[in-house]
Amino acid sequence: MVARKISDPSGCRRSKKRKLKTQRGEILKKRNATKEGISPLIEKYWFQRYNLFSKYDEGIKMDEGGWFSVTPEEIAISHAGRCGNGAVIDCFSGVGGNAIQFAKMCHHVVAIDNNPERVALAMNNAKVYGVEDYIDFVVGDFFQLAPSLKGDVLFLAPPWGCPSYKNLQTFTLDLLKPMDGYTIFQFAQMITPNIIMFLPRNVDLKQVEELSWLSSPPLDLEIEENYVQNKLKGVTAYFGGAATAQPRPS
Ligand SMILES: C[S@@+](CC[C@H](N)C(=O)[O-])C[C@H]1O[C@@H](n2cnc3c(N)ncnc32)[C@H](O)[C@@H]1O
């Protein structure tokens, strides 16, 4: 017997139509990205712009490094909820994703970044959220400033290198920039043991634990996985008082 393939012309037309509609949607999205001067490298992040800043359309400004590295808003809100009422130092503040949420929760914030253009973008973005008066913006090198800084909680979101960190099976702390994770943590401890560190999702958790017990006395530690729309975006390590603080409602 010969098996004959029975085709369904109407079903085929429907699926073709669906495909065309999706393709048209993609073309329109790309056209909008081009209109905003978004390079193909950034497009992927631009499509997620409202996850990064819910007020994106109200005048948020970014540079290329900012697109790659800003903490998604939902995660920044949960970081801010763990800071108590004191002063927070955001040691690598970028375009302001975290600093804005710290300030929104009524913390006084010192936001440090060594890139002056990025600090200007962060100031603009803080204005969009109406929190510019709660943040002291500092252009400077965290490592040089550390001995003179005072704060209740220290927030560390150092550069993770380039986006290819995702391809590594394990991200070890020596890959953090501009210094390895152990050194960054030592500088942070000069200021306070209450430290929050935002790290890649594939970070070596044994090394993160090591940071807590290399301290004397060993610091409390809580590790949290951070998801946005069911996608794991990073891991947050809360040390010292930040590990035991009760999360505040946003
Ligand atoms: C991952 S980004 C921070 C993103 C930020 N949390 C946000 O949500 O927008 C890291 C930032 O650290 C800054 N940076 C690098 N080395 C630094 C240093 N030595 N001192 C201060 N900032 C530095 C970079 O310019 C970059 O903007």
# chains A, B, ... in the order shown; residues from 1 in each chain; ligands from 1
call {"tool": "residues_near_ligand", "arguments": {"ligand": "ligand 1", "cutoff": "6 Å", "atoms": "only C-alpha atoms and all ligand atoms", "output": "list in words"}}
result
Ser69, Val70, Thr71, Cys91, Phe92, Ser93, Gly94, Val95, Gly96, Gly97, Asn98, Ile112, Asp113, Asn114, Asn115, Gly140, Asp141, Phe142, Phe143, Ala157, Pro158, Pro159 and Pro178 of chain A
call {"tool": "write_last_selection", "arguments": {"atoms": "N, CA and C atoms", "output": "short mmCIF file (atom, residue, chain, number, x, y, z; two decimals), in the first residue's frame"}}
result
data_model
loop_
_atom_site.label_atom_id
_atom_site.label_comp_id
_atom_site.auth_asym_id
_atom_site.auth_seq_id
_atom_site.Cartn_x
_atom_site.Cartn_y
_atom_site.Cartn_z
N SER A 69 24.77 46.48 31.59
CA SER A 69 25.08 46.21 33.00
C SER A 69 24.03 46.67 34.01
N VAL A 70 23.00 47.38 33.57
CA VAL A 70 22.03 47.89 34.56
C VAL A 70 21.27 46.72 35.21
N THR A 71 21.04 46.85 36.51
CA THR A 71 20.27 45.83 37.23
C THR A 71 18.79 45.98 36.88
N CYS A 91 28.68 51.40 45.28
CA CYS A 91 30.09 51.64 44.94
C CYS A 91 30.39 51.62 43.45
N PHE A 92 29.50 51.01 42.64
CA PHE A 92 29.69 50.93 41.19
C PHE A 92 28.33 51.25 40.57
N SER A 93 27.94 52.52 40.58
CA SER A 93 26.51 52.84 40.41
C SER A 93 26.01 52.88 38.97
N GLY A 94 26.88 52.88 37.98
CA GLY A 94 26.45 52.81 36.58
C GLY A 94 25.43 53.88 36.24
N VAL A 95 24.41 53.49 35.46
CA VAL A 95 23.39 54.47 35.04
C VAL A 95 22.28 54.63 36.08
N GLY A 96 22.48 54.04 37.25
CA GLY A 96 21.59 54.36 38.38
C GLY A 96 20.49 53.36 38.69
N GLY A 97 20.48 52.20 38.02
CA GLY A 97 19.41 51.23 38.25
C GLY A 97 19.19 50.92 39.73
N ASN A 98 20.26 50.66 40.46
CA ASN A 98 20.12 50.36 41.89
C ASN A 98 19.96 51.61 42.72
N ILE A 112 28.62 56.02 43.50
CA ILE A 112 29.99 56.26 42.99
C ILE A 112 30.18 55.54 41.66
N ASP A 113 30.73 56.22 40.69
CA ASP A 113 31.16 55.56 39.46
C ASP A 113 32.36 56.34 38.90
N ASN A 114 33.30 55.60 38.33
CA ASN A 114 34.51 56.28 37.82
C ASN A 114 34.35 56.78 36.38
N ASN A 115 33.15 56.60 35.81
CA ASN A 115 32.90 57.05 34.45
C ASN A 115 32.00 58.29 34.51
N GLY A 140 34.33 58.99 40.79
CA GLY A 140 35.57 58.62 41.46
C GLY A 140 35.81 57.13 41.43
N ASP A 141 37.00 56.75 41.89
CA ASP A 141 37.39 55.35 41.94
C ASP A 141 37.07 54.81 43.34
N PHE A 142 36.21 53.82 43.39
CA PHE A 142 35.80 53.28 44.69
C PHE A 142 36.99 52.92 45.57
N PHE A 143 38.04 52.34 44.96
CA PHE A 143 39.16 51.84 45.76
C PHE A 143 39.96 52.98 46.40
N ALA A 157 27.99 46.11 42.84
CA ALA A 157 27.64 45.48 41.55
C ALA A 157 28.77 45.82 40.59
N PRO A 158 29.94 45.21 40.81
CA PRO A 158 31.09 45.52 39.93
C PRO A 158 30.87 44.93 38.53
N PRO A 159 31.60 45.43 37.53
CA PRO A 159 31.46 44.87 36.17
C PRO A 159 31.76 43.37 36.15
N PRO A 178 36.96 45.91 38.39
CA PRO A 178 38.31 46.02 37.86
C PRO A 178 39.32 45.26 38.73
#
call {"tool": "residues_around", "arguments": {"residues": "A:Ser216", "least_positions_apart": "6", "cutoff": "12 Å", "atoms": "only C-alpha atoms", "output": "list in words"}}
result
Gln186, Gln189, Pro193, Glu210 and Gly240 of chain A
call {"tool": "atom_distance", "arguments": {"atom1": "atom CA of A:Lys231", "atom2": "atom CA of A:Leu52"}}
result
13.8 Å
call {"tool": "residues_around", "arguments": {"residues": "A:Leu176", "least_positions_apart": "3", "cutoff": "8 Å", "atoms": "only C-alpha atoms", "output": "number ranges by chain"}}
result
A: 158-161, 172-173, 179-181
call {"tool": "residues_around", "arguments": {"residues": "A:Met62", "least_positions_apart": "5", "cutoff": "12 Å", "atoms": "only C-alpha atoms", "output": "MDAnalysis selection string"}}
result
chainID A and resid 36:38 42 45:46 49 52:53 56 67:70 94:97 117:125
call {"tool": "select_by_dssp", "arguments": {"residues": "stretch 9-240 of chain A", "states": "strand (DSSP E)", "output": "JSON, numbers by chain"}}
result
{"A": [87, 88, 89, 90, 108, 109, 110, 111, 112, 113, 135, 136, 137, 138, 139, 153, 154, 155, 156, 195, 196, 197, 198, 199, 221, 222, 223, 224, 225, 226, 227, 228, 231, 232, 233, 234, 235, 236, 237, 238, 239]}
call {"tool": "closest_residue", "arguments": {"among": "A:Pro72, A:Gly151, A:Gly130, A:Pro116", "to": "A:Val88", "atoms": "only C-alpha atoms"}}
result
A:Gly151
call {"tool": "closest_residue", "arguments": {"among": "A:Ser164, A:Ser54, A:Gln48, A:Ser78", "to": "A:Pro247", "atoms": "only C-alpha atoms"}}
result
A:Ser78
call {"tool": "residues_around", "arguments": {"residues": "A:Leu154", "least_positions_apart": "6", "cutoff": "7 Å", "atoms": "only C-alpha atoms", "output": "list in words"}}
result
Val88, Ile89, Asp90, Ala188, Thr192, Asn194, Ile195 and Ile196 of chain A
call {"tool": "write_last_selection", "arguments": {"atoms": "C-alpha atoms", "output": "mmCIF file, in the first residue's frame"}}
result
data_model
loop_
_atom_site.group_PDB
_atom_site.id
_atom_site.type_symbol
_atom_site.label_atom_id
_atom_site.label_comp_id
_atom_site.auth_asym_id
_atom_site.auth_seq_id
_atom_site.Cartn_x
_atom_site.Cartn_y
_atom_site.Cartn_z
ATOM 1 C CA VAL A 88 23.654 53.072 51.416
ATOM 2 C CA ILE A 89 26.826 53.347 49.366
ATOM 3 C CA ASP A 90 26.421 52.110 45.806
ATOM 4 C CA ALA A 188 34.164 46.937 51.252
ATOM 5 C CA THR A 192 30.991 47.998 57.000
ATOM 6 C CA ASN A 194 26.791 44.848 55.907
ATOM 7 C CA ILE A 195 27.481 44.134 52.268
ATOM 8 C CA ILE A 196 25.280 43.221 49.321
#
call {"tool": "atom_distance", "arguments": {"atom1": "atom CA of A:Glu222", "atom2": "atom CA of A:Leu205"}}
result
11.1 Å
call {"tool": "select_by_dssp", "arguments": {"residues": "stretch 15-149 of chain A", "states": "alpha helix (DSSP H)", "output": "ChimeraX atom specification"}}
result
/A:15-35,43-46,49-52,64-69,73-80,97-104,116-128,142-145
call {"tool": "closest_residue", "arguments": {"among": "A:Ile191, A:Val203, A:Leu211, A:Ala111", "to": "A:Ser148", "atoms": "only C-alpha atoms"}}
result
A:Ile191
